[in-house]
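K.L.:
Pasting structure.pdb here (PDB, C-alpha atoms):
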```pdb
MODEL        1
ATOM      1  CA  MET A  26       0.494   8.355  -6.252  1.00  0.00           C
ATOM      2  CA  ALA A  27      -0.264   5.700  -8.886  1.00  0.00           C
ATOM      3  CA  PRO A  28      -3.520   3.786  -8.445  1.00  0.00           C
ATOM      4  CA  MET A  29      -3.198   0.285  -6.985  1.00  0.00           C
ATOM      5  CA  THR A  30      -4.115  -2.528  -9.330  1.00  0.00           C
ATOM      6  CA  ASP A  31      -5.437  -5.985  -8.484  1.00  0.00           C
ATOM      7  CA  ARG A  32      -3.785  -7.730 -11.406  1.00  0.00           C
ATOM      8  CA  VAL A  33      -0.570  -8.979 -12.899  1.00  0.00           C
ATOM      9  CA  GLU A  34      -0.284  -8.889 -16.684  1.00  0.00           C
ATOM     10  CA  LEU A  35       2.669 -10.225 -18.644  1.00  0.00           C
ATOM     11  CA  GLN A  36       3.166 -10.459 -22.394  1.00  0.00           C
ATOM     12  CA  ALA A  37       5.508 -12.217 -24.784  1.00  0.00           C
ATOM     13  CA  GLU A  38       5.957 -12.507 -28.521  1.00  0.00           C
ATOM     14  CA  LEU A  39       6.555 -16.102 -29.644  1.00  0.00           C
ATOM     15  CA  ASP A  40       7.952 -17.380 -32.922  1.00  0.00           C
ATOM     16  CA  ALA A  41       5.302 -20.082 -33.115  1.00  0.00           C
ATOM     17  CA  PRO A  42       1.900 -20.487 -34.749  1.00  0.00           C
ATOM     18  CA  ARG A  43      -1.120 -19.547 -32.645  1.00  0.00           C
ATOM     19  CA  ALA A  44      -2.647 -23.051 -32.799  1.00  0.00           C
ATOM     20  CA  ALA A  45       0.472 -24.570 -31.218  1.00  0.00           C
ATOM     21  CA  VAL A  46       0.685 -21.854 -28.560  1.00  0.00           C
ATOM     22  CA  PHE A  47      -3.007 -22.116 -27.709  1.00  0.00           C
ATOM     23  CA  GLU A  48      -2.663 -25.873 -27.257  1.00  0.00           C
ATOM     24  CA  LEU A  49       0.058 -25.206 -24.661  1.00  0.00           C
ATOM     25  CA  MET A  50      -2.320 -22.933 -22.723  1.00  0.00           C
ATOM     26  CA  ALA A  51      -5.677 -24.671 -23.114  1.00  0.00           C
ATOM     27  CA  THR A  52      -5.150 -28.449 -23.037  1.00  0.00           C
ATOM     28  CA  ALA A  53      -4.027 -30.703 -20.208  1.00  0.00           C
ATOM     29  CA  ASP A  54      -1.242 -32.183 -22.356  1.00  0.00           C
ATOM     30  CA  GLY A  55      -0.067 -28.719 -23.391  1.00  0.00           C
ATOM     31  CA  LEU A  56      -0.106 -27.329 -19.850  1.00  0.00           C
ATOM     32  CA  ARG A  57       1.937 -30.306 -18.607  1.00  0.00           C
ATOM     33  CA  ARG A  58       4.686 -29.356 -21.075  1.00  0.00           C
ATOM     34  CA  TRP A  59       5.518 -26.177 -19.119  1.00  0.00           C
ATOM     35  CA  LEU A  60       3.881 -26.624 -15.702  1.00  0.00           C
ATOM     36  CA  ASP A  61       4.769 -29.344 -13.207  1.00  0.00           C
ATOM     37  CA  GLU A  62       1.355 -31.047 -13.326  1.00  0.00           C
ATOM     38  CA  ALA A  63      -1.986 -30.187 -14.911  1.00  0.00           C
ATOM     39  CA  GLU A  64      -5.473 -31.609 -15.064  1.00  0.00           C
ATOM     40  CA  LEU A  65      -7.998 -29.781 -17.216  1.00  0.00           C
ATOM     41  CA  ASP A  66     -11.518 -30.569 -18.362  1.00  0.00           C
ATOM     42  CA  GLU A  67     -11.353 -28.504 -21.555  1.00  0.00           C
ATOM     43  CA  ARG A  68     -14.858 -26.989 -21.529  1.00  0.00           C
ATOM     44  CA  VAL A  69     -16.596 -24.055 -19.837  1.00  0.00           C
ATOM     45  CA  GLY A  70     -17.457 -25.231 -16.316  1.00  0.00           C
ATOM     46  CA  GLY A  71     -14.778 -27.932 -16.476  1.00  0.00           C
ATOM     47  CA  SER A  72     -12.379 -28.369 -13.578  1.00  0.00           C
ATOM     48  CA  MET A  73      -8.744 -27.274 -13.527  1.00  0.00           C
ATOM     49  CA  ARG A  74      -5.956 -28.340 -11.165  1.00  0.00           C
ATOM     50  CA  ILE A  75      -2.379 -27.158 -11.715  1.00  0.00           C
ATOM     51  CA  ARG A  76       0.789 -27.726  -9.699  1.00  0.00           C
ATOM     52  CA  MET A  77       3.567 -25.170  -9.959  1.00  0.00           C
ATOM     53  CA  SER A  78       6.594 -26.160  -7.856  1.00  0.00           C
ATOM     54  CA  GLU A  79       5.230 -26.810  -4.353  1.00  0.00           C
ATOM     55  CA  ALA A  80       1.901 -24.976  -4.843  1.00  0.00           C
ATOM     56  CA  THR A  81      -1.337 -26.301  -6.297  1.00  0.00           C
ATOM     57  CA  ALA A  82      -4.156 -24.194  -7.738  1.00  0.00           C
ATOM     58  CA  GLU A  83      -7.712 -25.285  -8.415  1.00  0.00           C
ATOM     59  CA  GLY A  84     -10.586 -23.714 -10.274  1.00  0.00           C
ATOM     60  CA  GLU A  85     -12.882 -24.084 -13.231  1.00  0.00           C
ATOM     61  CA  VAL A  86     -12.875 -22.957 -16.834  1.00  0.00           C
ATOM     62  CA  LEU A  87     -14.811 -19.680 -17.037  1.00  0.00           C
ATOM     63  CA  SER A  88     -14.373 -18.878 -20.722  1.00  0.00           C
ATOM     64  CA  LEU A  89     -13.026 -20.718 -23.737  1.00  0.00           C
ATOM     65  CA  GLN A  90     -12.684 -19.164 -27.182  1.00  0.00           C
ATOM     66  CA  PRO A  91     -10.704 -21.698 -29.225  1.00  0.00           C
ATOM     67  CA  MET A  92      -7.364 -20.535 -30.568  1.00  0.00           C
ATOM     68  CA  GLN A  93      -7.625 -17.208 -28.720  1.00  0.00           C
ATOM     69  CA  HIS A  94      -8.637 -17.231 -25.026  1.00  0.00           C
ATOM     70  CA  ILE A  95      -9.085 -19.413 -21.975  1.00  0.00           C
ATOM     71  CA  SER A  96      -9.695 -18.261 -18.411  1.00  0.00           C
ATOM     72  CA  PHE A  97     -10.038 -20.070 -15.093  1.00  0.00           C
ATOM     73  CA  SER A  98     -11.207 -19.231 -11.622  1.00  0.00           C
ATOM     74  CA  TRP A  99      -8.090 -19.660  -9.492  1.00  0.00           C
ATOM     75  CA  ASP A 100      -7.281 -20.293  -5.862  1.00  0.00           C
ATOM     76  CA  TRP A 101      -4.390 -21.918  -4.061  1.00  0.00           C
ATOM     77  CA  VAL A 102      -5.038 -25.182  -2.235  1.00  0.00           C
ATOM     78  CA  GLY A 103      -4.051 -24.819   1.443  1.00  0.00           C
ATOM     79  CA  GLU A 104      -3.329 -21.075   1.139  1.00  0.00           C
ATOM     80  CA  PRO A 105      -6.434 -19.406  -0.321  1.00  0.00           C
ATOM     81  CA  LEU A 106      -6.092 -15.882  -1.662  1.00  0.00           C
ATOM     82  CA  GLY A 107      -9.083 -14.737   0.392  1.00  0.00           C
ATOM     83  CA  ARG A 108     -11.056 -13.450  -2.597  1.00  0.00           C
ATOM     84  CA  PRO A 109     -12.006 -14.665  -6.076  1.00  0.00           C
ATOM     85  CA  SER A 110      -9.253 -14.514  -8.667  1.00  0.00           C
ATOM     86  CA  VAL A 111      -9.096 -15.284 -12.377  1.00  0.00           C
ATOM     87  CA  VAL A 112      -6.210 -16.349 -14.616  1.00  0.00           C
ATOM     88  CA  ALA A 113      -6.548 -15.721 -18.359  1.00  0.00           C
ATOM     89  CA  PHE A 114      -4.346 -16.759 -21.261  1.00  0.00           C
ATOM     90  CA  ASP A 115      -4.718 -15.038 -24.642  1.00  0.00           C
ATOM     91  CA  ALA A 116      -3.036 -15.839 -27.961  1.00  0.00           C
ATOM     92  CA  ILE A 117      -3.275 -13.352 -30.841  1.00  0.00           C
ATOM     93  CA  ASP A 118      -1.850 -13.762 -34.351  1.00  0.00           C
ATOM     94  CA  HIS A 119       0.888 -11.245 -35.036  1.00  0.00           C
ATOM     95  CA  GLY A 120       2.126 -12.059 -38.515  1.00  0.00           C
ATOM     96  CA  ALA A 121       4.046 -15.332 -38.350  1.00  0.00           C
ATOM     97  CA  ARG A 122       4.349 -14.898 -34.591  1.00  0.00           C
ATOM     98  CA  THR A 123       1.912 -15.174 -31.687  1.00  0.00           C
ATOM     99  CA  HIS A 124       1.399 -12.495 -29.061  1.00  0.00           C
ATOM    100  CA  VAL A 125       0.668 -14.070 -25.649  1.00  0.00           C
ATOM    101  CA  THR A 126      -0.826 -12.350 -22.625  1.00  0.00           C
ATOM    102  CA  ILE A 127      -1.131 -13.911 -19.177  1.00  0.00           C
ATOM    103  CA  ARG A 128      -3.347 -12.036 -16.714  1.00  0.00           C
ATOM    104  CA  HIS A 129      -4.045 -12.873 -13.077  1.00  0.00           C
ATOM    105  CA  ALA A 130      -6.765 -10.590 -11.655  1.00  0.00           C
ATOM    106  CA  GLY A 131      -8.297 -10.407  -8.195  1.00  0.00           C
ATOM    107  CA  LEU A 132      -5.084 -10.169  -6.205  1.00  0.00           C
ATOM    108  CA  ARG A 133      -4.990  -8.171  -2.993  1.00  0.00           C
ATOM    109  CA  GLY A 134      -2.151  -6.002  -1.807  1.00  0.00           C
ATOM    110  CA  ALA A 135       1.400  -5.330  -2.874  1.00  0.00           C
ATOM    111  CA  ARG A 136       2.753  -8.594  -1.452  1.00  0.00           C
ATOM    112  CA  GLN A 137       0.308 -10.800  -3.419  1.00  0.00           C
ATOM    113  CA  LEU A 138       0.920  -8.754  -6.551  1.00  0.00           C
ATOM    114  CA  GLN A 139       4.707  -9.089  -6.307  1.00  0.00           C
ATOM    115  CA  LEU A 140       4.562 -12.811  -5.498  1.00  0.00           C
ATOM    116  CA  HIS A 141       2.290 -13.498  -8.439  1.00  0.00           C
ATOM    117  CA  GLU A 142       4.258 -11.299 -10.824  1.00  0.00           C
ATOM    118  CA  ASP A 143       7.425 -13.222  -9.936  1.00  0.00           C
ATOM    119  CA  LEU A 144       5.580 -16.530 -10.229  1.00  0.00           C
ATOM    120  CA  TRP A 145       4.034 -15.774 -13.629  1.00  0.00           C
ATOM    121  CA  ARG A 146       7.270 -14.289 -14.980  1.00  0.00           C
ATOM    122  CA  HIS A 147       9.014 -17.608 -14.207  1.00  0.00           C
ATOM    123  CA  TRP A 148       6.258 -19.755 -15.725  1.00  0.00           C
ATOM    124  CA  LEU A 149       5.884 -17.495 -18.789  1.00  0.00           C
ATOM    125  CA  GLY A 150       9.558 -18.230 -19.476  1.00  0.00           C
ATOM    126  CA  ARG A 151       8.746 -21.932 -19.359  1.00  0.00           C
ATOM    127  CA  LEU A 152       5.803 -21.433 -21.742  1.00  0.00           C
ATOM    128  CA  VAL A 153       8.083 -19.603 -24.186  1.00  0.00           C
ATOM    129  CA  ALA A 154      10.647 -22.442 -23.960  1.00  0.00           C
ATOM    130  CA  ALA A 155       7.927 -25.065 -24.562  1.00  0.00           C
ATOM    131  CA  ALA A 156       6.720 -23.163 -27.633  1.00  0.00           C
ATOM    132  CA  ARG A 157      10.286 -23.021 -28.977  1.00  0.00           C
ATOM    133  CA  ALA A 158      10.670 -26.774 -28.484  1.00  0.00           C
ATOM    134  CA  ASP A 159       7.667 -27.306 -30.799  1.00  0.00           C
ATOM    135  CA  LEU A 160       9.289 -25.478 -33.682  1.00  0.00           C
ATOM    136  CA  PRO A 161      10.847 -27.501 -36.474  1.00  0.00           C
ATOM    137  CA  PRO A 162      14.632 -27.117 -36.660  1.00  0.00           C
ATOM    138  CA  LYS A 163      15.811 -24.193 -38.723  1.00  0.00           C
ATOM    139  CA  VAL A 164      17.361 -25.088 -42.016  1.00  0.00           C
ATOM    140  CA  GLU A 165      20.702 -23.395 -42.437  1.00  0.00           C
ATOM    141  CA  THR A 166      21.335 -22.107 -45.920  1.00  0.00           C
ATOM    142  CA  THR A 167      24.434 -20.694 -47.461  1.00  0.00           C
ATOM    143  CA  HIS A 168      24.616 -18.315 -50.304  1.00  0.00           C
ATOM    144  CA  PRO A 169      27.371 -18.460 -52.922  1.00  0.00           C
TER     145      PRO A 169
ENDMDL
END
```
Would you mind writing the structure in this file as structure tokens?
P.N.:
Amino acid sequence: MAPMTDRVELQAELDAPRAAVFELMATADGLRRWLDEAELDERVGGSMRIRMSEATAEGEVLSLQPMQHISFSWDWVGEPLGRPSVVAFDAIDHGARTHVTIRHAGLRGARQLQLHEDLWRHWLGRLVAAARADLPPKVETTHP
């Protein structure tokens, strides 16, 4: 039997520079481009409030390493998880691309894990789309 984990971890490779991707994950304006609503005091200890569809999460910034990592304490308003949880976003240079990891740790039980995996898979898709929208249009070239 495989050991039970308390986390969801999803990754994507984006054709966008790390600075642009990190802005989408670590600033209020950037978060609002792919989440429904976001308030963020962009400093360690600063408050965070995010709305995703009908659910709202609150927490505080736990760690901030510019251009690479931001993490928040995380709990759902009105439906607490019942234990501390942390959401972390990481952006790593990978050539001309950026490797993104979203982790949500501190989840309890198979139901919470599946719900949060589905939730983050949906919102990761929106993050990828927001990053693509920031790219300059490709210039089509023809060769003789």
K.L.:
I want to know what sits within 6 Å of A:Gly71, based on only C-alpha atoms, with residues of the same chain fewer than 5 positions away left out; could you give that as a PyMOL selection string?
P.N.:
chain A and resi 66+85-86
K.L.:
Applying the PyMOL selection byres ((chain A and resi 48) around 12) to the file I just gave you, which residues come out? Please list them as an mmCIF file with C-alpha atoms, in the frame of the given file.
P.N.:
```
data_model
loop_
_atom_site.group_PDB
_atom_site.id
_atom_site.type_symbol
_atom_site.label_atom_id
_atom_site.label_comp_id
_atom_site.auth_asym_id
_atom_site.auth_seq_id
_atom_site.Cartn_x
_atom_site.Cartn_y
_atom_site.Cartn_z
ATOM 1 C CA ALA A 41 5.302 -20.082 -33.115
ATOM 2 C CA PRO A 42 1.900 -20.487 -34.749
ATOM 3 C CA ARG A 43 -1.120 -19.547 -32.645
ATOM 4 C CA ALA A 44 -2.647 -23.051 -32.799
ATOM 5 C CA ALA A 45 0.472 -24.570 -31.218
ATOM 6 C CA VAL A 46 0.685 -21.854 -28.560
ATOM 7 C CA PHE A 47 -3.007 -22.116 -27.709
ATOM 8 C CA LEU A 49 0.058 -25.206 -24.661
ATOM 9 C CA MET A 50 -2.320 -22.933 -22.723
ATOM 10 C CA ALA A 51 -5.677 -24.671 -23.114
ATOM 11 C CA THR A 52 -5.150 -28.449 -23.037
ATOM 12 C CA ALA A 53 -4.027 -30.703 -20.208
ATOM 13 C CA ASP A 54 -1.242 -32.183 -22.356
ATOM 14 C CA GLY A 55 -0.067 -28.719 -23.391
ATOM 15 C CA LEU A 56 -0.106 -27.329 -19.850
ATOM 16 C CA ARG A 57 1.937 -30.306 -18.607
ATOM 17 C CA ARG A 58 4.686 -29.356 -21.075
ATOM 18 C CA TRP A 59 5.518 -26.177 -19.119
ATOM 19 C CA GLU A 67 -11.353 -28.504 -21.555
ATOM 20 C CA PRO A 91 -10.704 -21.698 -29.225
ATOM 21 C CA MET A 92 -7.364 -20.535 -30.568
ATOM 22 C CA GLN A 93 -7.625 -17.208 -28.720
ATOM 23 C CA HIS A 94 -8.637 -17.231 -25.026
ATOM 24 C CA ILE A 95 -9.085 -19.413 -21.975
ATOM 25 C CA PHE A 114 -4.346 -16.759 -21.261
ATOM 26 C CA ASP A 115 -4.718 -15.038 -24.642
ATOM 27 C CA ALA A 116 -3.036 -15.839 -27.961
ATOM 28 C CA LEU A 152 5.803 -21.433 -21.742
ATOM 29 C CA ALA A 155 7.927 -25.065 -24.562
ATOM 30 C CA ALA A 156 6.720 -23.163 -27.633
ATOM 31 C CA ASP A 159 7.667 -27.306 -30.799
#
```
K.L.:
Given the choices A:Trp99, A:Val111, A:Ala82, A:Ser88, which gets closest to A:Gly70 if the distance is worked out from all atoms listed in the file?
P.N.:
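Selected residue with least distance to A:Gly70: A:Ser88.
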K.L.:
Any idea what the distance is between atom CA of A:Ala121 and atom CA of A:Gly150?
P.N.:
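That distance, rounded to one decimal, is 19.9 Å.
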K.L.:
Could you give me, as a list in words, the residues within 10 Å of A:Gly84, counting only C-alpha atoms and dropping anything in the same chain fewer than 2 positions from it?
P.N.:
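After dropping sequence-adjacent residues, the list is Leu65, Gly70, Gly71, Ser72, Met73, Arg74, Ile75, Ala82, Val86, Leu87, Ser96, Phe97, Ser98, Trp99, Asp100, Trp101, Val102, Ser110, Val111 and Val112 of chain A.
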K.L.:
Name all residues at most 9 Å from stretch 122-136 of chain A (count all atoms listed in the file; drop same-chain ones fewer than 3 positions away) and give them as a PyMOL selection string.
P.N.:
chain A and resi 29-43+46+99+106-119+139-142+145+149
K.L.:
Please indicate the distance in Å from atom CA of A:Ala154 to atom CA of A:Val69, rounded to one decimal place.
P.N.:
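According to the coordinates, atom CA of A:Ala154 and atom CA of A:Val69 are separated by 27.6 Å.
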K.L.:
The residues within 12 Å of (6.5, -21.3, -5.7), using only C-alpha atoms and the coordinates of the file, should be reported as a list of chain:residue names; which are they?
P.N.:
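Output of the proximity query reads A:Leu60, A:Asp61, A:Arg76, A:Met77, A:Ser78, A:Glu79, A:Ala80, A:Thr81, A:Ala82, A:Trp101, A:Glu104, A:Leu140, A:His141, A:Glu142, A:Asp143, A:Leu144, A:Trp145, A:Arg146, A:His147, A:Trp148.
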K.L.:
Is there a way to complete stretch 83-108 of chain A with N, CA and C atoms and then write that out as a PDB file, in the frame of the given file?
P.N.:
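Below you can see rebuild.pdb, which holds the result:
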```pdb
ATOM      1  N   GLU A  83      -6.514 -24.641  -7.893  1.00  0.00           N
ATOM      2  CA  GLU A  83      -7.712 -25.285  -8.415  1.00  0.00           C
ATOM      3  C   GLU A  83      -8.692 -24.225  -8.879  1.00  0.00           C
ATOM      4  N   GLY A  84      -9.551 -24.620  -9.812  1.00  0.00           N
ATOM      5  CA  GLY A  84     -10.586 -23.714 -10.274  1.00  0.00           C
ATOM      6  C   GLY A  84     -11.403 -24.386 -11.349  1.00  0.00           C
ATOM      7  N   GLU A  85     -12.104 -23.558 -12.114  1.00  0.00           N
ATOM      8  CA  GLU A  85     -12.882 -24.084 -13.231  1.00  0.00           C
ATOM      9  C   GLU A  85     -12.746 -23.157 -14.424  1.00  0.00           C
ATOM     10  N   VAL A  86     -12.957 -23.730 -15.599  1.00  0.00           N
ATOM     11  CA  VAL A  86     -12.875 -22.957 -16.834  1.00  0.00           C
ATOM     12  C   VAL A  86     -14.069 -22.000 -16.877  1.00  0.00           C
ATOM     13  N   LEU A  87     -13.776 -20.708 -16.982  1.00  0.00           N
ATOM     14  CA  LEU A  87     -14.811 -19.680 -17.037  1.00  0.00           C
ATOM     15  C   LEU A  87     -15.173 -19.297 -18.462  1.00  0.00           C
ATOM     16  N   SER A  88     -14.166 -19.289 -19.337  1.00  0.00           N
ATOM     17  CA  SER A  88     -14.373 -18.878 -20.722  1.00  0.00           C
ATOM     18  C   SER A  88     -13.397 -19.633 -21.611  1.00  0.00           C
ATOM     19  N   LEU A  89     -13.874 -20.027 -22.773  1.00  0.00           N
ATOM     20  CA  LEU A  89     -13.026 -20.718 -23.737  1.00  0.00           C
ATOM     21  C   LEU A  89     -13.430 -20.265 -25.138  1.00  0.00           C
ATOM     22  N   GLN A  90     -12.504 -19.589 -25.796  1.00  0.00           N
ATOM     23  CA  GLN A  90     -12.684 -19.164 -27.182  1.00  0.00           C
ATOM     24  C   GLN A  90     -11.533 -19.783 -27.957  1.00  0.00           C
ATOM     25  N   PRO A  91     -11.787 -20.938 -28.600  1.00  0.00           N
ATOM     26  CA  PRO A  91     -10.704 -21.698 -29.225  1.00  0.00           C
ATOM     27  C   PRO A  91      -9.763 -20.846 -30.072  1.00  0.00           C
ATOM     28  N   MET A  92      -8.510 -21.150 -29.906  1.00  0.00           N
ATOM     29  CA  MET A  92      -7.364 -20.535 -30.568  1.00  0.00           C
ATOM     30  C   MET A  92      -7.077 -19.124 -30.088  1.00  0.00           C
ATOM     31  N   GLN A  93      -7.873 -18.580 -29.141  1.00  0.00           N
ATOM     32  CA  GLN A  93      -7.625 -17.208 -28.720  1.00  0.00           C
ATOM     33  C   GLN A  93      -7.583 -17.008 -27.215  1.00  0.00           C
ATOM     34  N   HIS A  94      -8.498 -17.602 -26.445  1.00  0.00           N
ATOM     35  CA  HIS A  94      -8.637 -17.231 -25.026  1.00  0.00           C
ATOM     36  C   HIS A  94      -9.129 -18.405 -24.189  1.00  0.00           C
ATOM     37  N   ILE A  95      -8.553 -18.529 -23.005  1.00  0.00           N
ATOM     38  CA  ILE A  95      -9.085 -19.413 -21.975  1.00  0.00           C
ATOM     39  C   ILE A  95      -8.865 -18.717 -20.637  1.00  0.00           C
ATOM     40  N   SER A  96      -9.855 -18.811 -19.757  1.00  0.00           N
ATOM     41  CA  SER A  96      -9.695 -18.261 -18.411  1.00  0.00           C
ATOM     42  C   SER A  96     -10.259 -19.236 -17.393  1.00  0.00           C
ATOM     43  N   PHE A  97      -9.676 -19.173 -16.191  1.00  0.00           N
ATOM     44  CA  PHE A  97     -10.038 -20.070 -15.093  1.00  0.00           C
ATOM     45  C   PHE A  97     -10.287 -19.257 -13.833  1.00  0.00           C
ATOM     46  N   SER A  98     -11.224 -19.706 -13.003  1.00  0.00           N
ATOM     47  CA  SER A  98     -11.207 -19.231 -11.622  1.00  0.00           C
ATOM     48  C   SER A  98      -9.960 -19.859 -11.015  1.00  0.00           C
ATOM     49  N   TRP A  99      -9.401 -19.224  -9.994  1.00  0.00           N
ATOM     50  CA  TRP A  99      -8.090 -19.660  -9.492  1.00  0.00           C
ATOM     51  C   TRP A  99      -7.994 -19.420  -8.002  1.00  0.00           C
ATOM     52  N   ASP A 100      -7.623 -20.463  -7.266  1.00  0.00           N
ATOM     53  CA  ASP A 100      -7.281 -20.293  -5.862  1.00  0.00           C
ATOM     54  C   ASP A 100      -6.267 -21.351  -5.490  1.00  0.00           C
ATOM     55  N   TRP A 101      -5.449 -21.023  -4.506  1.00  0.00           N
ATOM     56  CA  TRP A 101      -4.390 -21.918  -4.061  1.00  0.00           C
ATOM     57  C   TRP A 101      -4.941 -22.884  -3.019  1.00  0.00           C
ATOM     58  N   VAL A 102      -4.641 -24.156  -3.193  1.00  0.00           N
ATOM     59  CA  VAL A 102      -5.038 -25.182  -2.235  1.00  0.00           C
ATOM     60  C   VAL A 102      -4.176 -25.011  -0.990  1.00  0.00           C
ATOM     61  N   GLY A 103      -4.789 -24.933   0.186  1.00  0.00           N
ATOM     62  CA  GLY A 103      -4.051 -24.819   1.443  1.00  0.00           C
ATOM     63  C   GLY A 103      -3.687 -23.398   1.827  1.00  0.00           C
ATOM     64  N   GLU A 104      -3.641 -22.486   0.873  1.00  0.00           N
ATOM     65  CA  GLU A 104      -3.329 -21.075   1.139  1.00  0.00           C
ATOM     66  C   GLU A 104      -4.210 -20.195   0.266  1.00  0.00           C
ATOM     67  N   PRO A 105      -5.531 -20.181   0.539  1.00  0.00           N
ATOM     68  CA  PRO A 105      -6.434 -19.406  -0.321  1.00  0.00           C
ATOM     69  C   PRO A 105      -6.082 -17.921  -0.346  1.00  0.00           C
ATOM     70  N   LEU A 106      -6.373 -17.307  -1.478  1.00  0.00           N
ATOM     71  CA  LEU A 106      -6.092 -15.882  -1.662  1.00  0.00           C
ATOM     72  C   LEU A 106      -7.024 -14.994  -0.848  1.00  0.00           C
ATOM     73  N   GLY A 107      -8.165 -15.521  -0.430  1.00  0.00           N
ATOM     74  CA  GLY A 107      -9.083 -14.737   0.392  1.00  0.00           C
ATOM     75  C   GLY A 107     -10.098 -13.949  -0.414  1.00  0.00           C
ATOM     76  N   ARG A 108     -10.068 -14.091  -1.721  1.00  0.00           N
ATOM     77  CA  ARG A 108     -11.056 -13.450  -2.597  1.00  0.00           C
ATOM     78  C   ARG A 108     -10.977 -14.128  -3.958  1.00  0.00           C
TER      79      ARG A 108
END
```
